[in-house]
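Okay, so here's the structure we're looking at.
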Amino acid sequence: MDSEQGGSDGCPFSQLRADIPLASQYIYLNSCTFGPVLQSVQRCMAEALREENEEIIAIRVKEAGVRFYERAEKARQSVADLLGVSAANVAWVYNTTTASRLAIMSVDWHAGDKLAVTDVEHLSTHRAARGLAQGRGVEVTVIPTAEPLEGTYRGPTYFLEQLDKMLTTSHRLLVISHVSNIDGRRLPVMEATRLARSRGVKTLVDGAQSVGMFGVNAKEIGAEFFSGSVHKWLMGPPGIGFLVVSDEGKKDYNPFSLPLPTRAGGRPDGSLMAAGALNELGTQNYALRIGAGACLKAVQRIGLNKIEEQCRSLTERLRAGLLSVPGIRVASTAMWEHSSSVTTVQLQDGTPERCLQLVERLLEEYRIVVKYRPEICGVRIGVAAFNTAAEIEQLLTALGHLAPQV
Ligand SMILES: Cc1ncc(COP(=O)(O)O)c(C=O)c1O
């Protein structure tokens with residue numbers, strides 16, 4: 001694939017699609033779980049593994065090893081550029097769950113301390129909160145993001161009011177998703193971080209569902225921690241994610257109790273270690289990092305503004321079409337600035353069994369891949385930049401046939 005050209009029709013999204021063989025076999029609407037790994041990225045990683053094994057490890061050519069390491073470091077710079085931060089603030093981690101957990105566990109929790117999480121966090125965050133409550137006696141405050149009876153997110157006002165009421169100086173950390181994995185609501189992370197900071201509370205922003213779907217500037221958001229992975233909207237390999245630790249966050253961040261740089265006399269010299277140096281111990285998988293760098297390059301080449309525009313236009317088409325599908329209710333808000341390309345639909349009088357049947361029949365009869373969301377008994381549709389308007393129409397037709405039957 002010529003990376004500098006568009007597809008045969010000159011459209012960057014056709015080129016992207018041509019790099020995803022899966023897209024010709026399925027209508028793939030589940031990038032919220034796994035994005036397809038670009039074929040060019042797979043090739044790049046296979047070549048990196050071969051090179052590392054045959055040219056570097058086997059014959060121990062030092063210069064080649066240095067060049068290889070530098071390539072992996074370039075990938076860290078790409079993450080930093082994507083998120084508007086410095087490479088010294090970026091640590092590689094396996095995935096968002098581990099990145100978030102490292103940030104959460106960097107707080108020296110004591111019984112009676114408080115942790116705040118929103119009511120639409122990923123299961124992994126709720127598990128961490130439950131574990132802290134059981135193991136350390138931490139009190140967990142769940143901040144509602146929408147009025148209980150309405151359910152549908154109507155923008156940030158209600159949530160910020162609740163946060164203002166419920167977040168206290170006894171809280172040590174606020175965990176907030178940038179985009180919820182349940183219905184795609186986009187939360188006001190910058191305002192929430194500012195409010196938390198005014199009370200001396202640190203913030204961890206979970207960026208698993210935002211990075212790669214639209215431009216994200218972690219520096220502007222201002223949180224001490226920002227976690228994410230590359231295997232969803234960035235179309236990179238699984239097993240690699242990142243934790244951005246701000247300079248402020250780094251002051252107390254040392255998850256593996258490393259000795260800090262010292263001055264004469266052996267006392268810490270006050271300089272901050274790079275987030276990577278604090279996190280990445282022992283032998284690392286450089287091929288994964290090089291793969292992450294390659295998918296970031298592909299995304300940056302198209303540009304996140306264009307990607308967001310494409311996702312938005314397809315999502316608006318989908319949501320408009322869903323209004324005329326009998327028996328289906330759209331649970332996600334229609335306001336783009338408060339939502340994303342994740343749309344969750346519910347069936348009228350829906351049960352988990354009916355939703356699961358719908359997901360199964362969409363796959364079996366139409367080769368459409370979507371996912372059941374148990375939290376709101378819905379079916380989640382994740383529209384990515386490689387999807388097409390024709391695919392949206394096929395989904396709408398399929399839903400029109402199946403919704404009354406399941
Ligand atoms: C908001 C959110 N946070 C965290 C995760 C967990 O991500 P990972 O699989 O990278 O650990 C997900 C995955 O779906 C998610 O949607």
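Following the order of the structure tokens, chains are lettered A, B, ..., residues in each are numbered from 1, and ligands are numbered from 1.
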request  = Could you please extract the residues within 9 Å of ligand 1, counting only C-alpha atoms and all ligand atoms, and hand them back as a PyMOL selection string?
outcome  = chain A and resi 32-34+94-100+120-125+176-182+206-210+227-232+238-241
Generate a file of the selected residues that holds N, CA and C atoms, formatted as a compact mmCIF listing (two decimals), in the first residue's frame.
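Contents of result.txt, as written:
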```txt
# COMPACT_ATOMS: atom_id res chain seq x y z
N CYS A 32 -15.12 -0.33 19.46
CA CYS A 32 -15.10 0.02 20.90
C CYS A 32 -14.47 -1.12 21.71
N THR A 33 -14.54 -2.34 21.19
CA THR A 33 -13.92 -3.47 21.89
C THR A 33 -12.53 -3.70 21.33
N PHE A 34 -12.48 -4.02 20.06
CA PHE A 34 -11.23 -4.24 19.33
C PHE A 34 -11.33 -3.51 18.02
N TYR A 94 0.53 -2.34 29.35
CA TYR A 94 -0.13 -3.35 28.49
C TYR A 94 -1.43 -2.86 27.86
N ASN A 95 -2.21 -2.15 28.63
CA ASN A 95 -3.56 -1.79 28.18
C ASN A 95 -4.13 -0.70 29.10
N THR A 96 -5.32 -0.24 28.80
CA THR A 96 -5.90 0.84 29.62
C THR A 96 -6.13 0.39 31.05
N THR A 97 -6.60 -0.85 31.21
CA THR A 97 -6.91 -1.35 32.56
C THR A 97 -5.67 -1.25 33.45
N THR A 98 -4.54 -1.74 32.94
CA THR A 98 -3.31 -1.72 33.75
C THR A 98 -2.82 -0.30 33.96
N ALA A 99 -2.92 0.52 32.91
CA ALA A 99 -2.49 1.92 33.05
C ALA A 99 -3.30 2.61 34.14
N SER A 100 -4.62 2.42 34.09
CA SER A 100 -5.48 3.06 35.09
C SER A 100 -5.16 2.52 36.48
N VAL A 120 -20.56 5.78 34.90
CA VAL A 120 -20.46 5.12 33.59
C VAL A 120 -19.04 4.65 33.32
N GLU A 121 -18.31 4.35 34.38
CA GLU A 121 -16.94 3.86 34.19
C GLU A 121 -16.95 2.41 33.69
N HIS A 122 -15.82 2.04 33.11
CA HIS A 122 -15.63 0.67 32.65
C HIS A 122 -15.60 -0.27 33.85
N LEU A 123 -16.00 -1.49 33.59
CA LEU A 123 -16.02 -2.53 34.62
C LEU A 123 -14.68 -2.60 35.39
N SER A 124 -13.57 -2.42 34.67
CA SER A 124 -12.25 -2.55 35.32
C SER A 124 -12.06 -1.49 36.39
N THR A 125 -12.63 -0.33 36.21
CA THR A 125 -12.52 0.73 37.22
C THR A 125 -13.40 0.39 38.41
N ILE A 176 -12.54 9.30 35.75
CA ILE A 176 -13.61 9.70 34.81
C ILE A 176 -13.24 9.27 33.39
N SER A 177 -14.18 8.64 32.73
CA SER A 177 -13.96 8.27 31.33
C SER A 177 -14.14 9.49 30.45
N HIS A 178 -13.31 9.60 29.43
CA HIS A 178 -13.51 10.68 28.47
C HIS A 178 -14.76 10.39 27.65
N VAL A 179 -14.84 9.16 27.17
CA VAL A 179 -16.04 8.69 26.45
C VAL A 179 -16.47 7.39 27.13
N SER A 180 -17.74 7.30 27.47
CA SER A 180 -18.22 6.09 28.15
C SER A 180 -18.33 4.93 27.17
N ASN A 181 -17.92 3.76 27.64
CA ASN A 181 -18.02 2.56 26.79
C ASN A 181 -19.45 2.03 26.77
N ILE A 182 -20.34 2.61 27.57
CA ILE A 182 -21.70 2.07 27.64
C ILE A 182 -22.59 2.66 26.54
N ASP A 206 -9.78 8.25 31.81
CA ASP A 206 -9.71 7.01 31.04
C ASP A 206 -10.03 7.35 29.58
N GLY A 207 -8.99 7.29 28.75
CA GLY A 207 -9.16 7.70 27.35
C GLY A 207 -9.32 6.54 26.39
N ALA A 208 -9.68 5.36 26.91
CA ALA A 208 -9.76 4.18 26.05
C ALA A 208 -10.66 4.39 24.83
N GLN A 209 -11.77 5.13 25.02
CA GLN A 209 -12.74 5.26 23.92
C GLN A 209 -12.64 6.60 23.20
N SER A 210 -11.72 7.46 23.60
CA SER A 210 -11.66 8.77 22.92
C SER A 210 -10.46 8.86 21.99
N SER A 227 -5.08 7.58 30.72
CA SER A 227 -4.76 6.21 30.28
C SER A 227 -5.43 5.89 28.94
N GLY A 228 -4.84 4.97 28.21
CA GLY A 228 -5.46 4.56 26.93
C GLY A 228 -4.72 3.36 26.35
N SER A 229 -5.28 2.83 25.26
CA SER A 229 -4.58 1.73 24.58
C SER A 229 -4.70 1.94 23.07
N VAL A 230 -3.96 1.15 22.31
CA VAL A 230 -3.96 1.40 20.87
C VAL A 230 -4.83 0.41 20.08
N HIS A 231 -5.44 -0.56 20.78
CA HIS A 231 -6.12 -1.62 20.02
C HIS A 231 -7.59 -1.32 19.70
N LYS A 232 -8.06 -0.12 20.02
CA LYS A 232 -9.45 0.18 19.67
C LYS A 232 -9.47 1.13 18.48
N PRO A 238 -3.17 -5.36 20.08
CA PRO A 238 -3.52 -5.48 21.50
C PRO A 238 -2.26 -5.73 22.31
N GLY A 239 -2.32 -5.44 23.60
CA GLY A 239 -1.18 -5.71 24.48
C GLY A 239 -0.28 -4.52 24.68
N ILE A 240 -0.71 -3.36 24.16
CA ILE A 240 0.09 -2.16 24.41
C ILE A 240 -0.82 -0.95 24.59
N GLY A 241 -0.58 -0.26 25.67
CA GLY A 241 -1.33 0.95 25.98
C GLY A 241 -0.38 1.94 26.60
```
If we count only C-alpha atoms and set the cut-off at 12 Å, which residues sit around Ser24 in chain A, ignoring sequence neighbours fewer than 3 positions away in its own chain? Please answer as an mmCIF file with N, CA and C atoms, in the first residue's frame.
```
data_model
loop_
_atom_site.group_PDB
_atom_site.id
_atom_site.type_symbol
_atom_site.label_atom_id
_atom_site.label_comp_id
_atom_site.auth_asym_id
_atom_site.auth_seq_id
_atom_site.Cartn_x
_atom_site.Cartn_y
_atom_site.Cartn_z
ATOM 1 N N SER A 14 -10.906 5.267 1.864
ATOM 2 C CA SER A 14 -10.858 4.060 1.020
ATOM 3 C C SER A 14 -9.512 3.390 1.205
ATOM 4 N N ARG A 17 -9.522 1.592 4.433
ATOM 5 C CA ARG A 17 -10.339 0.379 4.310
ATOM 6 C C ARG A 17 -9.578 -0.728 3.586
ATOM 7 N N ALA A 18 -8.802 -0.302 2.598
ATOM 8 C CA ALA A 18 -8.023 -1.297 1.847
ATOM 9 C C ALA A 18 -6.961 -1.947 2.733
ATOM 10 N N ASP A 19 -6.646 -1.318 3.831
ATOM 11 C CA ASP A 19 -5.638 -1.838 4.769
ATOM 12 C C ASP A 19 -6.296 -2.714 5.848
ATOM 13 N N ILE A 20 -7.612 -2.970 5.671
ATOM 14 C CA ILE A 20 -8.343 -3.753 6.675
ATOM 15 C C ILE A 20 -9.099 -4.885 5.975
ATOM 16 N N PRO A 21 -8.481 -6.033 5.768
ATOM 17 C CA PRO A 21 -9.167 -7.118 5.061
ATOM 18 C C PRO A 21 -10.495 -7.493 5.723
ATOM 19 N N ILE A 27 -19.401 -6.266 8.280
ATOM 20 C CA ILE A 27 -19.673 -4.853 8.563
ATOM 21 C C ILE A 27 -19.260 -4.701 10.020
ATOM 22 N N TYR A 28 -18.077 -4.196 10.191
ATOM 23 C CA TYR A 28 -17.465 -4.259 11.514
ATOM 24 C C TYR A 28 -17.754 -2.977 12.294
ATOM 25 N N PRO A 36 -9.870 -3.314 14.239
ATOM 26 C CA PRO A 36 -9.070 -4.230 13.429
ATOM 27 C C PRO A 36 -7.629 -3.715 13.399
ATOM 28 N N ARG A 367 -23.761 -10.601 8.736
ATOM 29 C CA ARG A 367 -22.317 -10.398 8.965
ATOM 30 C C ARG A 367 -22.019 -9.016 9.534
ATOM 31 N N ILE A 368 -22.911 -8.577 10.424
ATOM 32 C CA ILE A 368 -22.714 -7.276 11.082
ATOM 33 C C ILE A 368 -22.250 -7.541 12.515
ATOM 34 N N PHE A 386 -13.339 3.856 8.995
ATOM 35 C CA PHE A 386 -13.258 2.966 7.825
ATOM 36 C C PHE A 386 -14.628 2.439 7.412
ATOM 37 N N ASN A 387 -15.653 2.704 8.203
ATOM 38 C CA ASN A 387 -17.004 2.270 7.807
ATOM 39 C C ASN A 387 -17.534 3.186 6.695
ATOM 40 N N THR A 388 -18.595 2.718 6.045
ATOM 41 C CA THR A 388 -19.119 3.490 4.904
ATOM 42 C C THR A 388 -20.613 3.770 5.096
ATOM 43 N N GLU A 391 -22.722 0.792 4.493
ATOM 44 C CA GLU A 391 -22.797 -0.140 5.628
ATOM 45 C C GLU A 391 -23.836 0.328 6.648
#
```
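Checking A:Gly84, A:Gly65, A:Gly249, A:Gly135 one by one against Glu224 in chain A, counting only C-alpha atoms, you find the shortest gap at A:Gly249.
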Option closest in space to Pro188 in chain A, from A:Ser271, A:Ser339, A:Gly215, A:Pro148 [counting only C-alpha atoms] =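 That would be A:Ser339, the residue with the smallest distance to Pro188 in chain A.
We find CA of Tyr286 in chain A and CA of Leu83 in chain A to be spaced 20.8 Å apart.
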request  = Could you find all residues in range 265-392 of chain A that DSSP calls strand (DSSP E or B) from the backbone, and write them as a list in words?
outcome  = Pro268, Ile328, Arg329, Val330, Val342, Thr343, Thr344, Val345, Gln346, Leu347, Ile368, Val369, Lys371, Tyr372, Arg373, Gly378, Val379, Arg380, Ile381 and Gly382 of chain A
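Candidate residues A:Ala103, A:Ala294, A:Ala403, A:Leu204 were compared for distance to Lys74 in chain A, and the nearest is A:Ala294, using only C-alpha atoms.
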Can you tell me, as a PDB file with N, CA and C atoms, in the first residue's frame, what residues are no more than 12 Å from Pro259 in chain A when counting only C-alpha atoms, ignoring any on the same chain fewer than 5 positions away?
```pdb
ATOM      1  N   ASN A 254       5.500   6.515  41.675  1.00  0.00           N
ATOM      2  CA  ASN A 254       6.655   5.618  41.610  1.00  0.00           C
ATOM      3  C   ASN A 254       6.145   4.207  41.905  1.00  0.00           C
ATOM      4  N   GLY A 266      23.626  11.024  48.500  1.00  0.00           N
ATOM      5  CA  GLY A 266      22.623   9.970  48.357  1.00  0.00           C
ATOM      6  C   GLY A 266      21.182  10.420  48.539  1.00  0.00           C
ATOM      7  N   ARG A 267      20.946  11.741  48.672  1.00  0.00           N
ATOM      8  CA  ARG A 267      19.553  12.181  48.818  1.00  0.00           C
ATOM      9  C   ARG A 267      18.967  12.453  47.432  1.00  0.00           C
ATOM     10  N   PRO A 268      17.633  12.271  47.286  1.00  0.00           N
ATOM     11  CA  PRO A 268      17.027  12.549  45.979  1.00  0.00           C
ATOM     12  C   PRO A 268      17.361  13.975  45.541  1.00  0.00           C
ATOM     13  N   ASP A 269      17.685  14.137  44.247  1.00  0.00           N
ATOM     14  CA  ASP A 269      18.094  15.474  43.797  1.00  0.00           C
ATOM     15  C   ASP A 269      16.927  16.334  43.337  1.00  0.00           C
ATOM     16  N   GLY A 270      15.726  15.801  43.461  1.00  0.00           N
ATOM     17  CA  GLY A 270      14.537  16.610  43.156  1.00  0.00           C
ATOM     18  C   GLY A 270      14.134  16.557  41.689  1.00  0.00           C
ATOM     19  N   LEU A 272      12.684  15.050  38.180  1.00  0.00           N
ATOM     20  CA  LEU A 272      11.633  14.062  37.924  1.00  0.00           C
ATOM     21  C   LEU A 272      12.135  13.027  36.931  1.00  0.00           C
ATOM     22  N   MET A 273      11.910  11.760  37.227  1.00  0.00           N
ATOM     23  CA  MET A 273      12.268  10.728  36.263  1.00  0.00           C
ATOM     24  C   MET A 273      11.208  10.689  35.166  1.00  0.00           C
ATOM     25  N   ALA A 277      10.645   5.541  32.478  1.00  0.00           N
ATOM     26  CA  ALA A 277      11.679   4.951  33.339  1.00  0.00           C
ATOM     27  C   ALA A 277      11.062   4.440  34.641  1.00  0.00           C
ATOM     28  N   LEU A 278       9.993   5.083  35.073  1.00  0.00           N
ATOM     29  CA  LEU A 278       9.340   4.660  36.325  1.00  0.00           C
ATOM     30  C   LEU A 278       8.475   3.414  36.132  1.00  0.00           C
TER      31      LEU A 278
END
```
request  = Pick out the closest residue to Tyr153 in chain A from this set: A:Ser257, A:Gln300, A:Thr333, A:Thr193. Count only C-alpha atoms.
outcome  =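 When distances to Tyr153 in chain A are compared using only C-alpha atoms, the smallest one comes from A:Thr333.
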